[in-house]
Structures are given as C-alpha cells and as structure tokens.
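Peer 1: Structure in structure tokens, see below.
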Amino acid sequence: METIDVLIVEDDENIRTLYRDALRGAGLRVHTAKDAAEGVTHALAHHPKVILMDIMLPDTSGLEAVATLREDSWGKTAKVIYLTNRTDPESIFTAVEQGSEEYVVKAHTEIKELINLVRLASNL
C-alpha cells in the first residue's frame, strides 16, 4: 500500500498539531508548515500527495500560496484541500477557480471526515 504524504500549512500551532496527530494516527505521513512561504518551499521540494492549506496565514494568504504552486509544472495538478473558517463567497470562488479538491470549514468538520477527504483526494 502506498504511503500518503500530506502537508499541513497552518499557522495555529494547536490546530496544526491536532491535524498532524490525527492524520498520523490514521497511518498517513504528515509534514507541517507554519506559513505560506514554508509551505510552498516544502511542497515544491517534496511533492506531497495532498496539501491541507489554511487560507488566513501570517505572511500571505493560502489562496496566493496555491496560485504560486500552480505556476510550477508539478503544482498545476497538486491536490489541495483548503482548511479555513472563512465562508465569504470570494474565498470560496477563488478556491474553486484554482481547482481545489475541497473547501473545508474547520469549525464544521470532524477530524474523521477530514481524514476521509484526504484519502479521497489522494486517489484522484
């Protein structure tokens, strides 16, 4: 069985740790980044199977980070799941326009559901 590499780009350390531990507990290989720059650098160097990208990051938005990834030949088809509490139409539209696999509102999503979304996205 193929190991699924997941990159979590999340500035909130508690949330990052919660998702990291849950995904590792589900048998996934997890890497983390605390901001967009670190996330983009890691993603381009290691090509994770799925990227969980927060939208509101301290250095630049997750939407802008994914736009940067999409400029790379590997990044054009990278599997991205947005993690956010933003529900404004502009953010959702931009995420869909960029070809994200999912747009997950953190406050409304159980960890088990997130694990299933990651597994589903890794098989696309």
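Every chain in the structure tokens takes a letter, A first, then B, and so on in the order presented; its residues are numbered from 1, and the ligands are numbered from 1 following the presented order.
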Write out as a list in words all residues of chain A that DSSP puts in strand (DSSP E or B) for this structure's backbone.
Peer 2: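 The residues of chain A classed as strand (DSSP E or B) are Asp5, Val6, Leu7, Ile8, Val9, Arg29, Val30, His31, Thr32, Ala33, Val50, Ile51, Leu52, Met53, Asp54, Lys79, Val80, Ile81, Tyr82, Leu83, Thr84, Glu102, Tyr103, Val104 and Val105 of chain A.
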Peer 1: Can those selected residues be exported to a file as an mmCIF file, in the first residue's frame so that it contains N, CA and C atoms?
Peer 2:
```
data_model
loop_
_atom_site.group_PDB
_atom_site.id
_atom_site.type_symbol
_atom_site.label_atom_id
_atom_site.label_comp_id
_atom_site.auth_asym_id
_atom_site.auth_seq_id
_atom_site.Cartn_x
_atom_site.Cartn_y
_atom_site.Cartn_z
ATOM 1 N N ASP A 5 1.629 10.975 1.570
ATOM 2 C CA ASP A 5 2.302 12.129 2.161
ATOM 3 C C ASP A 5 1.355 13.313 2.144
ATOM 4 N N VAL A 6 1.191 13.919 3.310
ATOM 5 C CA VAL A 6 0.299 15.064 3.455
ATOM 6 C C VAL A 6 1.098 16.229 4.031
ATOM 7 N N LEU A 7 0.884 17.410 3.477
ATOM 8 C CA LEU A 7 1.482 18.632 4.007
ATOM 9 C C LEU A 7 0.376 19.488 4.587
ATOM 10 N N ILE A 8 0.518 19.851 5.859
ATOM 11 C CA ILE A 8 -0.436 20.757 6.512
ATOM 12 C C ILE A 8 0.219 22.124 6.614
ATOM 13 N N VAL A 9 -0.407 23.125 6.011
ATOM 14 C CA VAL A 9 0.077 24.505 6.106
ATOM 15 C C VAL A 9 -0.941 25.248 6.965
ATOM 16 N N ARG A 29 1.615 9.835 6.323
ATOM 17 C CA ARG A 29 2.887 10.509 6.603
ATOM 18 C C ARG A 29 2.619 12.007 6.510
ATOM 19 N N VAL A 30 2.882 12.729 7.608
ATOM 20 C CA VAL A 30 2.490 14.132 7.688
ATOM 21 C C VAL A 30 3.698 15.040 7.901
ATOM 22 N N HIS A 31 3.711 16.129 7.146
ATOM 23 C CA HIS A 31 4.692 17.202 7.298
ATOM 24 C C HIS A 31 3.904 18.469 7.572
ATOM 25 N N THR A 32 4.521 19.422 8.241
ATOM 26 C CA THR A 32 3.805 20.645 8.567
ATOM 27 C C THR A 32 4.621 21.875 8.190
ATOM 28 N N ALA A 33 3.893 22.970 7.991
ATOM 29 C CA ALA A 33 4.499 24.276 7.738
ATOM 30 C C ALA A 33 3.661 25.313 8.471
ATOM 31 N N VAL A 50 -1.152 15.245 -0.948
ATOM 32 C CA VAL A 50 -2.245 16.165 -0.624
ATOM 33 C C VAL A 50 -1.688 17.304 0.226
ATOM 34 N N ILE A 51 -2.183 18.518 -0.037
ATOM 35 C CA ILE A 51 -1.814 19.694 0.755
ATOM 36 C C ILE A 51 -3.070 20.215 1.439
ATOM 37 N N LEU A 52 -3.008 20.321 2.766
ATOM 38 C CA LEU A 52 -4.072 20.964 3.527
ATOM 39 C C LEU A 52 -3.619 22.403 3.760
ATOM 40 N N MET A 53 -4.285 23.355 3.142
ATOM 41 C CA MET A 53 -3.838 24.750 3.133
ATOM 42 C C MET A 53 -4.826 25.654 3.856
ATOM 43 N N ASP A 54 -4.361 26.274 4.928
ATOM 44 C CA ASP A 54 -5.155 27.300 5.593
ATOM 45 C C ASP A 54 -5.206 28.521 4.674
ATOM 46 N N LYS A 79 -2.882 18.253 -5.373
ATOM 47 C CA LYS A 79 -4.180 18.087 -4.709
ATOM 48 C C LYS A 79 -4.215 18.992 -3.473
ATOM 49 N N VAL A 80 -5.112 19.973 -3.486
ATOM 50 C CA VAL A 80 -5.196 20.948 -2.403
ATOM 51 C C VAL A 80 -6.571 20.889 -1.764
ATOM 52 N N ILE A 81 -6.571 20.810 -0.442
ATOM 53 C CA ILE A 81 -7.795 20.932 0.344
ATOM 54 C C ILE A 81 -7.612 22.174 1.209
ATOM 55 N N TYR A 82 -8.498 23.148 1.033
ATOM 56 C CA TYR A 82 -8.429 24.345 1.868
ATOM 57 C C TYR A 82 -9.051 24.075 3.226
ATOM 58 N N LEU A 83 -8.369 24.540 4.260
ATOM 59 C CA LEU A 83 -8.849 24.488 5.631
ATOM 60 C C LEU A 83 -9.035 25.922 6.088
ATOM 61 N N THR A 84 -10.228 26.277 6.460
ATOM 62 C CA THR A 84 -10.471 27.666 6.809
ATOM 63 C C THR A 84 -11.728 27.801 7.631
ATOM 64 N N GLU A 102 -11.267 20.287 -2.193
ATOM 65 C CA GLU A 102 -12.300 20.543 -1.188
ATOM 66 C C GLU A 102 -12.067 21.906 -0.551
ATOM 67 N N TYR A 103 -13.124 22.436 0.020
ATOM 68 C CA TYR A 103 -13.082 23.678 0.790
ATOM 69 C C TYR A 103 -13.712 23.328 2.129
ATOM 70 N N VAL A 104 -12.875 23.133 3.147
ATOM 71 C CA VAL A 104 -13.324 22.626 4.429
ATOM 72 C C VAL A 104 -13.385 23.762 5.449
ATOM 73 N N VAL A 105 -14.558 23.959 6.028
ATOM 74 C CA VAL A 105 -14.714 24.927 7.107
ATOM 75 C C VAL A 105 -14.374 24.198 8.405
#
```
Peer 1: Determine which residues of region 4-58 of chain A receive a DSSP assignment of helix (DSSP H, G or I), computed from the backbone, and state them as a VMD selection string.
Peer 2: chain A and resid 13 to 25 36 to 46
Peer 1: Take the selection from the previous step and output its residues with N, CA and C atoms, as a CSV table (one decimal), in the first residue's frame.
Peer 2:
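selection.csv, freshly written:
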```
chain,number,residue,atom,x,y,z
A,13,GLU,N,-0.6,26.8,15.9
A,13,GLU,CA,0.1,25.6,16.3
A,13,GLU,C,-0.8,24.5,16.9
A,14,ASN,N,-1.8,24.9,17.7
A,14,ASN,CA,-2.7,23.9,18.2
A,14,ASN,C,-3.5,23.1,17.2
A,15,ILE,N,-4.0,23.8,16.2
A,15,ILE,CA,-4.7,23.2,15.1
A,15,ILE,C,-3.8,22.3,14.3
A,16,ARG,N,-2.6,22.8,14.0
A,16,ARG,CA,-1.6,22.1,13.2
A,16,ARG,C,-1.3,20.8,13.9
A,17,THR,N,-1.0,20.8,15.2
A,17,THR,CA,-0.7,19.6,16.0
A,17,THR,C,-1.9,18.7,16.0
A,18,LEU,N,-3.1,19.2,16.2
A,18,LEU,CA,-4.3,18.3,16.2
A,18,LEU,C,-4.4,17.6,14.9
A,19,TYR,N,-4.3,18.3,13.8
A,19,TYR,CA,-4.5,17.6,12.5
A,19,TYR,C,-3.3,16.7,12.2
A,20,ARG,N,-2.1,17.1,12.6
A,20,ARG,CA,-0.9,16.2,12.3
A,20,ARG,C,-1.1,14.9,13.1
A,21,ASP,N,-1.4,15.0,14.4
A,21,ASP,CA,-1.5,13.8,15.2
A,21,ASP,C,-2.7,12.9,14.7
A,22,ALA,N,-3.8,13.5,14.3
A,22,ALA,CA,-4.9,12.7,13.8
A,22,ALA,C,-4.6,12.0,12.5
A,23,LEU,N,-4.0,12.7,11.6
A,23,LEU,CA,-3.6,12.1,10.3
A,23,LEU,C,-2.5,11.0,10.4
A,24,ARG,N,-1.5,11.3,11.3
A,24,ARG,CA,-0.5,10.3,11.6
A,24,ARG,C,-1.2,9.0,12.2
A,25,GLY,N,-2.1,9.2,13.1
A,25,GLY,CA,-2.8,8.1,13.7
A,25,GLY,C,-3.6,7.3,12.7
A,36,ALA,N,2.8,30.4,4.7
A,36,ALA,CA,2.7,30.1,3.2
A,36,ALA,C,4.1,29.8,2.6
A,37,ALA,N,5.1,30.7,2.9
A,37,ALA,CA,6.4,30.5,2.3
A,37,ALA,C,7.0,29.2,2.6
A,38,GLU,N,7.0,28.8,3.9
A,38,GLU,CA,7.5,27.4,4.3
A,38,GLU,C,6.7,26.3,3.6
A,39,GLY,N,5.4,26.5,3.5
A,39,GLY,CA,4.5,25.5,2.8
A,39,GLY,C,4.9,25.4,1.3
A,40,VAL,N,5.0,26.5,0.6
A,40,VAL,CA,5.3,26.4,-0.8
A,40,VAL,C,6.7,25.8,-1.0
A,41,THR,N,7.7,26.2,-0.2
A,41,THR,CA,9.0,25.6,-0.4
A,41,THR,C,9.0,24.1,-0.1
A,42,HIS,N,8.3,23.7,0.9
A,42,HIS,CA,8.2,22.2,1.2
A,42,HIS,C,7.5,21.5,0.1
A,43,ALA,N,6.4,22.0,-0.4
A,43,ALA,CA,5.6,21.4,-1.4
A,43,ALA,C,6.4,21.2,-2.7
A,44,LEU,N,7.0,22.2,-3.1
A,44,LEU,CA,7.8,22.2,-4.4
A,44,LEU,C,9.0,21.2,-4.3
A,45,ALA,N,9.6,21.1,-3.1
A,45,ALA,CA,10.7,20.2,-2.9
A,45,ALA,C,10.3,18.8,-2.7
A,46,HIS,N,9.2,18.5,-2.1
A,46,HIS,CA,8.8,17.1,-1.7
A,46,HIS,C,7.6,16.6,-2.4
```
Peer 1: Taking only C-alpha atoms into account, name the residue in A:Arg86, A:Ile4, A:Asp11, A:Glu97 that is nearest to Ala67 (chain A).
Peer 2: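 Under the stated criterion, the closest residue is A:Glu97.
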Peer 1: Nearest residue to Gly62 (chain A) out of A:Ala26, A:Ala107, A:Ala95, A:Val118, using only C-alpha atoms?
Peer 2: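 So, comparing all the options, the nearest one is A:Ala95.
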Peer 1: One decimal, Å: what's the distance from CA of Ser122 (chain A) over to CA of Thr3 (chain A), could you say?
Peer 2: 10.0 Å
Peer 1: Restricting the calculation to only C-alpha atoms, which member of A:Ile115, A:Asn123, A:Leu63, A:Thr68 is positioned closest to Ser100 (chain A)?
Peer 2: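 Ranking A:Ile115, A:Asn123, A:Leu63, A:Thr68 by distance to Ser100 (chain A), first place goes to A:Leu63.
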Peer 1: In terms of the shortest atom-to-atom distance over only C-alpha atoms, which of A:His47, A:Lys106, A:Lys112, A:Arg119 is closest to Ser73 (chain A)?
Peer 2: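 Among the listed residues, A:His47 lies closest to Ser73 (chain A).
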Peer 1: For CA of Gln98 (chain A) and CA of Val66 (chain A), determine how far apart the two atoms are, in Å to one decimal place.
Peer 2: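 The value is 7.7 Å.
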